[in-house]
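For reference, protein.txt (compact mmCIF, C-alpha atoms):
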```
# COMPACT_ATOMS: atom_id res chain seq x y z
CA MET N 1 16.59 30.60 -8.96
CA LYS N 2 14.46 31.37 -12.01
CA ALA N 3 14.81 29.84 -15.47
CA GLY N 4 17.46 31.64 -17.47
CA GLU N 5 19.21 33.04 -14.39
CA ARG N 6 23.00 32.81 -14.28
CA LEU N 7 24.59 30.84 -11.47
CA PRO N 8 27.53 32.34 -9.54
CA SER N 9 30.94 31.49 -10.91
CA THR N 10 32.84 28.57 -9.42
CA ARG N 11 35.46 30.96 -8.01
CA GLU N 12 32.79 33.12 -6.36
CA LEU N 13 31.11 30.16 -4.67
CA ALA N 14 34.45 28.68 -3.67
CA ARG N 15 35.43 31.93 -1.94
CA ARG N 16 32.01 32.34 -0.31
CA PHE N 17 31.93 28.86 1.23
CA ARG N 18 35.71 28.36 1.57
CA ILE N 19 35.76 25.22 -0.52
CA HIS N 20 37.88 24.16 -3.50
CA PRO N 21 36.70 25.40 -6.93
CA ASN N 22 36.84 21.80 -8.19
CA THR N 23 34.11 20.91 -5.68
CA VAL N 24 31.85 23.62 -7.10
CA SER N 25 32.63 22.49 -10.65
CA ALA N 26 31.71 18.92 -9.78
CA GLY N 27 28.39 20.12 -8.34
CA TYR N 28 27.61 22.15 -11.46
CA ARG N 29 28.42 19.18 -13.70
CA GLN N 30 26.02 17.04 -11.69
CA LEU N 31 23.28 19.66 -12.03
CA ALA N 32 23.87 19.68 -15.78
CA ARG N 33 23.67 15.87 -15.95
CA ASP N 34 20.40 15.95 -14.02
CA GLY N 35 18.97 18.47 -16.44
CA TRP N 36 18.69 21.48 -14.14
CA VAL N 37 21.32 23.78 -15.70
CA GLU N 38 23.16 24.30 -18.98
CA TYR N 39 26.64 25.56 -19.86
CA ARG N 40 26.83 28.53 -22.25
CA HIS N 41 30.24 28.82 -23.89
CA GLY N 42 32.15 31.81 -22.62
CA SER N 43 29.22 33.00 -20.53
CA GLY N 44 28.78 30.62 -17.58
CA VAL N 45 26.20 28.26 -16.15
CA TYR N 46 22.47 29.05 -16.36
CA VAL N 47 19.24 27.55 -15.08
CA LYS N 48 17.68 25.80 -18.07
CA ASN N 49 14.81 27.62 -19.74
CA ASP N 50 13.30 24.44 -21.10
CA ALA N 51 13.53 22.46 -17.86
CA GLY N 52 10.57 20.09 -17.95
CA PRO N 53 8.89 18.41 -15.00
CA PRO N 54 11.08 16.13 -12.86
CA SER N 55 11.62 12.82 -14.61
CA THR N 56 14.39 10.97 -12.76
CA PRO N 57 13.92 9.53 -9.26
CA GLU N 58 16.55 11.97 -7.98
CA GLN N 59 14.74 14.99 -9.45
CA ILE N 60 11.40 13.84 -8.05
CA LEU N 61 12.98 13.33 -4.62
CA ASP N 62 14.44 16.84 -4.76
CA GLN N 63 11.01 18.21 -5.61
CA HIS N 64 9.47 16.51 -2.56
CA ILE N 65 12.25 17.81 -0.31
CA VAL N 66 11.71 21.35 -1.59
CA ALA N 67 7.97 21.05 -0.98
CA PHE N 68 8.65 19.76 2.55
CA PHE N 69 10.80 22.75 3.50
CA LYS N 70 8.30 25.13 1.96
CA ALA N 71 5.50 23.62 4.06
CA VAL N 72 7.69 23.76 7.18
CA ARG N 73 8.37 27.48 6.66
CA GLU N 74 4.64 28.13 6.47
CA LEU N 75 4.19 26.37 9.85
CA ARG N 76 6.70 28.79 11.41
CA LEU N 77 8.23 26.03 13.52
CA PRO N 78 11.58 26.61 15.25
CA ALA N 79 14.52 25.25 13.26
CA ALA N 80 15.67 23.16 16.26
CA ALA N 81 12.28 21.46 16.50
CA ILE N 82 12.33 20.65 12.79
CA ARG N 83 15.82 19.13 12.97
CA GLN N 84 14.83 17.05 16.00
CA ARG N 85 11.74 15.60 14.33
CA VAL N 86 13.61 14.84 11.10
CA ALA N 87 16.41 13.20 13.11
CA GLU N 88 13.88 11.03 14.94
CA TRP N 89 12.41 9.83 11.64
CA ILE N 90 15.84 9.05 10.20
CA ALA N 91 16.94 7.26 13.38
CA SER N 92 13.85 5.04 13.57
CA PRO N 93 14.39 1.47 12.27
CA PRO N 94 13.31 0.97 8.66
CA PRO N 95 10.08 -1.02 8.29
CA ASP N 96 10.37 -4.67 7.37
CA GLN N 97 6.86 -6.04 7.86
CA PHE N 98 3.19 -5.26 7.24
CA LEU N 99 0.86 -4.95 10.22
CA LEU N 100 -2.83 -5.38 9.45
CA VAL N 101 -5.00 -3.48 11.94
CA ASP N 102 -8.61 -4.66 11.96
CA PRO N 103 -11.25 -5.21 14.65
CA ASP N 104 -12.60 -8.34 12.93
CA ALA N 105 -10.41 -11.41 13.50
CA ASP N 106 -11.99 -13.33 10.61
CA ALA N 107 -11.35 -10.49 8.16
CA ARG N 108 -7.74 -10.31 9.40
CA GLU N 109 -7.17 -13.98 8.64
CA ILE N 110 -8.37 -13.63 5.05
CA LEU N 111 -6.45 -10.43 4.29
CA LEU N 112 -3.26 -11.72 5.91
CA THR N 113 -3.41 -14.83 3.74
CA GLU N 114 -3.61 -12.65 0.63
CA ILE N 115 -0.92 -10.19 1.77
CA ARG N 116 1.55 -12.99 2.55
CA LYS N 117 1.17 -14.36 -0.96
CA LEU N 118 1.89 -10.97 -2.53
CA THR N 119 5.05 -9.83 -0.83
CA LYS N 120 8.37 -11.05 0.52
CA TRP N 121 7.71 -9.20 3.79
CA PRO N 122 6.15 -10.99 6.75
CA ALA N 123 2.68 -9.83 7.77
CA ALA N 124 0.92 -9.93 11.13
CA GLY N 125 -2.45 -8.75 12.39
CA ILE N 126 -3.56 -6.93 15.53
CA SER N 127 -6.75 -5.43 16.91
CA VAL N 128 -7.45 -1.71 16.86
CA ASP N 129 -6.86 -1.47 20.62
CA ASP N 130 -3.39 -3.04 20.29
CA ALA N 131 -2.50 -0.52 17.56
CA ALA N 132 -2.40 2.21 20.21
CA LYS N 133 0.74 0.64 21.70
CA PRO N 134 3.91 2.10 20.09
CA GLU N 135 5.90 -1.10 20.66
CA ALA N 136 3.44 -3.05 18.51
CA LEU N 137 4.22 -0.80 15.54
CA LEU N 138 8.00 -0.97 15.68
CA ALA N 139 9.51 -1.47 12.19
CA ALA N 140 6.04 -2.08 10.74
CA VAL N 141 3.89 -0.49 8.04
CA PRO N 142 0.31 -0.43 9.37
CA VAL N 143 -2.42 -1.25 6.84
CA CYS N 144 -6.20 -1.42 7.14
CA ARG N 145 -9.46 -1.70 5.20
CA PRO N 146 -11.02 1.54 3.84
CA SER N 147 -14.02 1.21 6.16
CA LYS N 148 -11.69 1.09 9.18
CA THR N 149 -9.31 3.93 8.25
CA LYS N 150 -10.86 6.55 10.50
CA MET N 151 -11.06 4.16 13.45
CA VAL N 152 -7.45 2.99 13.09
CA ARG N 153 -5.96 6.42 12.48
CA ALA N 154 -7.63 7.70 15.64
CA VAL N 155 -5.58 5.33 17.82
CA LEU N 156 -2.23 5.36 15.99
CA PRO N 157 0.56 7.43 17.57
CA ALA N 158 1.31 10.75 15.86
CA GLY N 159 3.56 10.54 12.82
CA ILE N 160 2.77 6.92 11.92
CA GLU N 161 1.94 6.37 8.24
CA LEU N 162 -1.19 4.29 7.58
CA ILE N 163 -1.78 2.51 4.26
CA THR N 164 -5.41 2.03 3.32
CA LEU N 165 -5.83 -1.19 1.34
CA GLN N 166 -8.12 -0.93 -1.67
CA ILE N 167 -10.74 -3.70 -1.58
CA ARG N 168 -12.14 -5.34 -4.70
CA SER N 169 -15.65 -4.25 -5.59
CA ALA N 170 -18.19 -6.94 -4.71
CA ASN N 171 -19.56 -7.04 -8.26
CA LYS N 172 -16.08 -8.06 -9.47
CA TRP N 173 -16.03 -11.12 -7.27
CA LEU N 174 -18.18 -13.11 -9.64
CA ASP N 175 -16.41 -15.29 -12.15
CA PRO N 176 -18.02 -15.10 -15.61
CA GLU N 177 -18.57 -18.86 -15.47
CA LEU N 178 -20.59 -18.86 -12.27
CA PRO N 179 -23.91 -17.77 -13.81
CA SER N 180 -23.60 -20.73 -16.22
CA LEU N 181 -24.03 -23.02 -13.22
CA LYS N 182 -27.71 -22.10 -12.83
CA GLY N 183 -29.74 -25.06 -11.68
CA LYS N 184 -26.80 -26.56 -9.77
CA LEU N 185 -25.98 -26.30 -6.10
CA ILE N 186 -23.34 -23.67 -5.31
CA GLY N 187 -21.49 -23.72 -2.01
CA VAL N 188 -20.32 -20.60 -0.16
CA VAL N 189 -17.70 -21.34 2.50
CA SER N 190 -15.99 -18.82 4.78
CA ASN N 191 -15.29 -18.12 8.44
CA TRP N 192 -16.16 -14.47 7.85
CA VAL N 193 -19.86 -13.74 8.01
CA ASP N 194 -19.49 -10.66 5.78
CA PHE N 195 -17.95 -12.78 3.02
CA ARG N 196 -20.81 -15.27 3.21
CA GLU N 197 -23.45 -12.53 3.07
CA ILE N 198 -21.81 -10.62 0.19
CA ALA N 199 -21.33 -13.81 -1.84
CA ARG N 200 -24.96 -14.80 -1.21
CA THR N 201 -26.18 -11.37 -2.35
CA MET N 202 -24.02 -11.21 -5.47
CA LEU N 203 -24.91 -14.75 -6.59
CA ALA N 204 -28.59 -13.98 -6.18
CA ALA N 205 -28.15 -10.78 -8.21
CA ALA N 206 -26.46 -12.86 -10.95
CA GLY N 207 -29.56 -15.01 -11.20
CA VAL N 208 -28.57 -17.95 -9.02
CA ASN N 209 -31.58 -19.39 -7.20
CA PRO N 210 -31.04 -18.63 -3.45
CA GLU N 211 -32.55 -22.02 -2.64
CA LEU N 212 -29.63 -23.69 -4.43
CA LEU N 213 -26.99 -22.00 -2.27
CA VAL N 214 -25.27 -24.08 0.40
CA VAL N 215 -23.72 -21.60 2.82
CA ARG N 216 -21.29 -22.98 5.38
CA ASP N 217 -19.11 -21.76 8.26
CA PRO N 218 -16.14 -24.20 8.29
CA ARG N 219 -15.73 -23.82 12.04
CA ARG N 220 -18.97 -25.68 12.64
CA SER N 221 -19.19 -29.46 12.81
CA ARG N 222 -20.22 -31.31 9.65
CA TRP N 223 -19.71 -28.15 7.59
CA GLN N 224 -18.85 -30.24 4.50
CA ARG N 225 -22.28 -31.88 4.44
CA GLY N 226 -23.96 -31.32 1.07
CA LEU N 227 -21.00 -29.54 -0.51
CA GLU N 228 -19.82 -32.63 -2.41
CA GLN N 229 -23.02 -32.41 -4.47
CA ALA N 230 -22.40 -28.77 -5.48
CA GLY N 231 -21.36 -27.78 -8.97
CA ALA N 232 -19.04 -25.12 -7.55
CA ILE N 233 -17.78 -23.75 -4.25
CA VAL N 234 -17.08 -20.08 -3.62
CA CYS N 235 -14.60 -19.36 -0.81
CA ASP N 236 -11.99 -16.89 0.43
CA ALA N 237 -8.20 -17.29 0.28
CA HIS N 238 -7.86 -18.32 3.94
CA THR N 239 -10.50 -21.05 3.61
CA ALA N 240 -8.89 -22.37 0.42
CA GLU N 241 -5.52 -22.61 2.16
CA THR N 242 -6.59 -24.06 5.52
CA ARG N 243 -9.64 -26.25 4.82
CA GLU N 244 -10.02 -29.50 2.93
CA LEU N 245 -12.73 -28.81 0.37
CA PRO N 246 -14.57 -31.56 -1.54
CA LYS N 247 -12.74 -32.69 -4.66
CA GLY N 248 -15.69 -32.80 -7.07
CA PRO N 249 -16.97 -29.22 -7.29
CA ARG N 250 -15.10 -26.43 -9.06
CA ILE N 251 -13.45 -24.11 -6.55
CA PHE N 252 -13.64 -20.33 -7.04
CA VAL N 253 -11.32 -18.44 -4.68
CA PHE N 254 -12.28 -14.76 -4.56
CA SER N 255 -9.65 -12.31 -3.37
CA LEU N 256 -10.58 -9.23 -1.34
CA LEU N 257 -7.60 -7.07 -2.30
CA ALA N 258 -7.94 -4.96 -5.43
CA ASP N 259 -5.17 -4.93 -8.02
CA ASP N 260 -4.08 -1.44 -6.89
CA ALA N 261 -3.57 -2.71 -3.34
CA ARG N 262 -1.51 -5.64 -4.58
CA MET N 263 0.72 -3.30 -6.58
CA GLU N 264 1.12 -0.86 -3.68
CA LEU N 265 2.15 -3.58 -1.21
CA SER N 266 4.73 -4.95 -3.63
CA GLN N 267 6.18 -1.49 -4.27
CA ILE N 268 6.51 -0.73 -0.54
CA ALA N 269 8.33 -3.98 0.16
CA ASP N 270 10.58 -3.72 -2.90
CA SER N 271 11.64 -0.14 -2.10
CA ALA N 272 12.63 -0.84 1.51
```
What would the structure in this file look like if it were written as structure tokens?
Amino acid sequence: MKAGERLPSTRELARRFRIHPNTVSAGYRQLARDGWVEYRHGSGVYVKNDAGPPSTPEQILDQHIVAFFKAVRELRLPAAAIRQRVAEWIASPPPDQFLLVDPDADAREILLTEIRKLTKWPAAGISVDDAAKPEALLAAVPVCRPSKTKMVRAVLPAGIELITLQIRSANKWLDPELPSLKGKLIGVVSNWVDFREIARTMLAAAGVNPELLVVRDPRRSRWQRGLEQAGAIVCDAHTAETRELPKGPRIFVFSLLADDARMELSQIADSA
């Protein structure tokens, strides 16, 4: 109905749908409370002329539902097929965990460590090949890195929502205090080779002498050798949580997840 248009009277709707007039009145009062209509004394109920954009969660939800049915009409799908698909979505168990899909096991470990610290939901990780199995996705919200979105989406079953995690820009990894450590040894410790290479590149760009970098893979024997003499150690969240780092140097733990990703994960878990 258009703005300014008069709604049918309560008696007219009651007769048309064979319901009690009080039921229609209650519906009209709710529409008025939600800001969709207005009562005009002695004239009836009208669609508000000054109705602004949806502002309440209920109004926004209604807007999305209207847009959904409009899109469905344009697809010209049979009504029975639409009802069946909607029923399948409603009947599916609500998600209660995050599922990180990534081909790199070392990257999964780091991201899972960060995700588990951000949300009350449990989080698990699987390979891209395993993501093709519907049973692996049951009651889960799949998430992935931006660079892996196309790969992951290609194997997910139809109708599965995929959340792309926003990753912090590499130039934001550097703590403002790190360049002040010029002339001192700086350790870089991580299982993930990409983390080690990015940290090495960014520290060099910040003016740190590459010859003063002590880069270590903590899975190798004697990986701590030389780190106790460093002025600082740069590492990822998983390394900081699972490895015993030397006590002397300052520890800089750089997170991969951007602030937007952290907020999105929290909102998904809180709204479930």
Could you tell me which of N:Glu211, N:Glu228, N:Glu264, N:Asp106 comes closest to N:Asp194 if we count all atoms listed in the file?
-> N:Asp106
For N:Arg243, which of N:Ile82, N:Ala261, N:Val189, N:Val66 is the closest residue, counting only C-alpha atoms?
->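 Answer, going by the shortest atom-to-atom distance: N:Val189.
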Find the residues near N:Val47: any atom within 9 Å, counting only C-alpha atoms, skip ones fewer than 5 places away on the same chain, and give them as a list in words.
->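 With the cut-off at 9 Å, the set is Met1, Lys2, Ala3, Gly4, Glu5, Arg6, Leu7, Trp36, Val37 and Glu38 of chain N.
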Any chance you can output those residues with C-alpha atoms as a CSV table (one decimal), in the frame of the given file?
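part_34.csv, freshly written:
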```csv
chain,number,residue,atom,x,y,z
N,1,MET,CA,16.6,30.6,-9.0
N,2,LYS,CA,14.5,31.4,-12.0
N,3,ALA,CA,14.8,29.8,-15.5
N,4,GLY,CA,17.5,31.6,-17.5
N,5,GLU,CA,19.2,33.0,-14.4
N,6,ARG,CA,23.0,32.8,-14.3
N,7,LEU,CA,24.6,30.8,-11.5
N,36,TRP,CA,18.7,21.5,-14.1
N,37,VAL,CA,21.3,23.8,-15.7
N,38,GLU,CA,23.2,24.3,-19.0
```
Cut-off 6 Å around (-1.7, -6.2, 16.3) with all atoms listed in the file: residues as a PyMOL selection string | chain N and resi 125-127+130-131
Within 12 Å of N:Ala204, counting all atoms listed in the file, which residues qualify if same-chain residues fewer than 2 places away don't, as JSON, numbers by chain?
-> {"N": [171, 174, 178, 179, 182, 186, 197, 198, 199, 200, 201, 202, 206, 207, 208, 209, 210, 211, 212, 213]}
Selection: 9 Å around N:Ala269, all atoms listed in the file, excl. self and same-chain fewer than 5 positions, as a PyMOL selection string = chain N and resi 95-98+119-121+264
Residues just named, written with C-alpha atoms as a CSV table (one decimal), keeping the file's coordinate frame:
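Saved to selection_35.csv:
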```
chain,number,residue,atom,x,y,z
N,95,PRO,CA,10.1,-1.0,8.3
N,96,ASP,CA,10.4,-4.7,7.4
N,97,GLN,CA,6.9,-6.0,7.9
N,98,PHE,CA,3.2,-5.3,7.2
N,119,THR,CA,5.0,-9.8,-0.8
N,120,LYS,CA,8.4,-11.0,0.5
N,121,TRP,CA,7.7,-9.2,3.8
N,264,GLU,CA,1.1,-0.9,-3.7
```
Expected axis-aligned box over every listed atom of stretch 34-40 of chain N, 3 Å added per side, centre plus edges in Å to one decimal, as AutoDock Vina command-line options:
```
--center_x 22.8 --center_y 22.2 --center_z -18.1 --size_x 14.1 --size_y 18.6 --size_z 14.2
```
Choose the residue, out of N:Arg145, N:Arg262, N:Lys184, N:Lys172, that has the smallest atom-to-atom separation from N:Arg250; count all atoms listed in the file.
-> N:Lys184
Between atom CA of N:Glu58 and atom CA of N:Ala71, distance in Å (one decimal) = 20.1 Å
Find the residue from N:Pro246, N:Asp102, N:Glu12, N:Pro134 that sits nearest to N:Thr149; use all atoms listed in the file when measuring.
->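 Using all atoms listed in the file, N:Thr149 sits closest to N:Asp102.
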Between atom CA of N:Ala139 and atom CA of N:Leu112, what is the distance, to one decimal in Å?
->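 Calculated distance between atom CA of N:Ala139 and atom CA of N:Leu112 is 17.5 Å.
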Mind pulling up the distance from atom CA of N:Ala107 to atom CA of N:Gly159?
->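 If I compute the distance from atom CA of N:Gly159 to atom CA of N:Ala107, I get 26.2 Å.
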May I have the protein, DNA and RNA residues with an atom at most 12 Å from (-8.4, -4.2, 0.0), counting all atoms listed in the file in the file's coordinates, returned as an NGL selection string?
-> :N and (100 or 102 or 107-108 or 110-112 or 114-115 or 143-149 or 163-170 or 255-265)
Find, counting all atoms listed in the file, the residue in N:Pro218, N:Trp192, N:Ser9, N:Val101 that gets nearest to N:Ser43.
->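 Result for the nearest residue to N:Ser43: N:Ser9.
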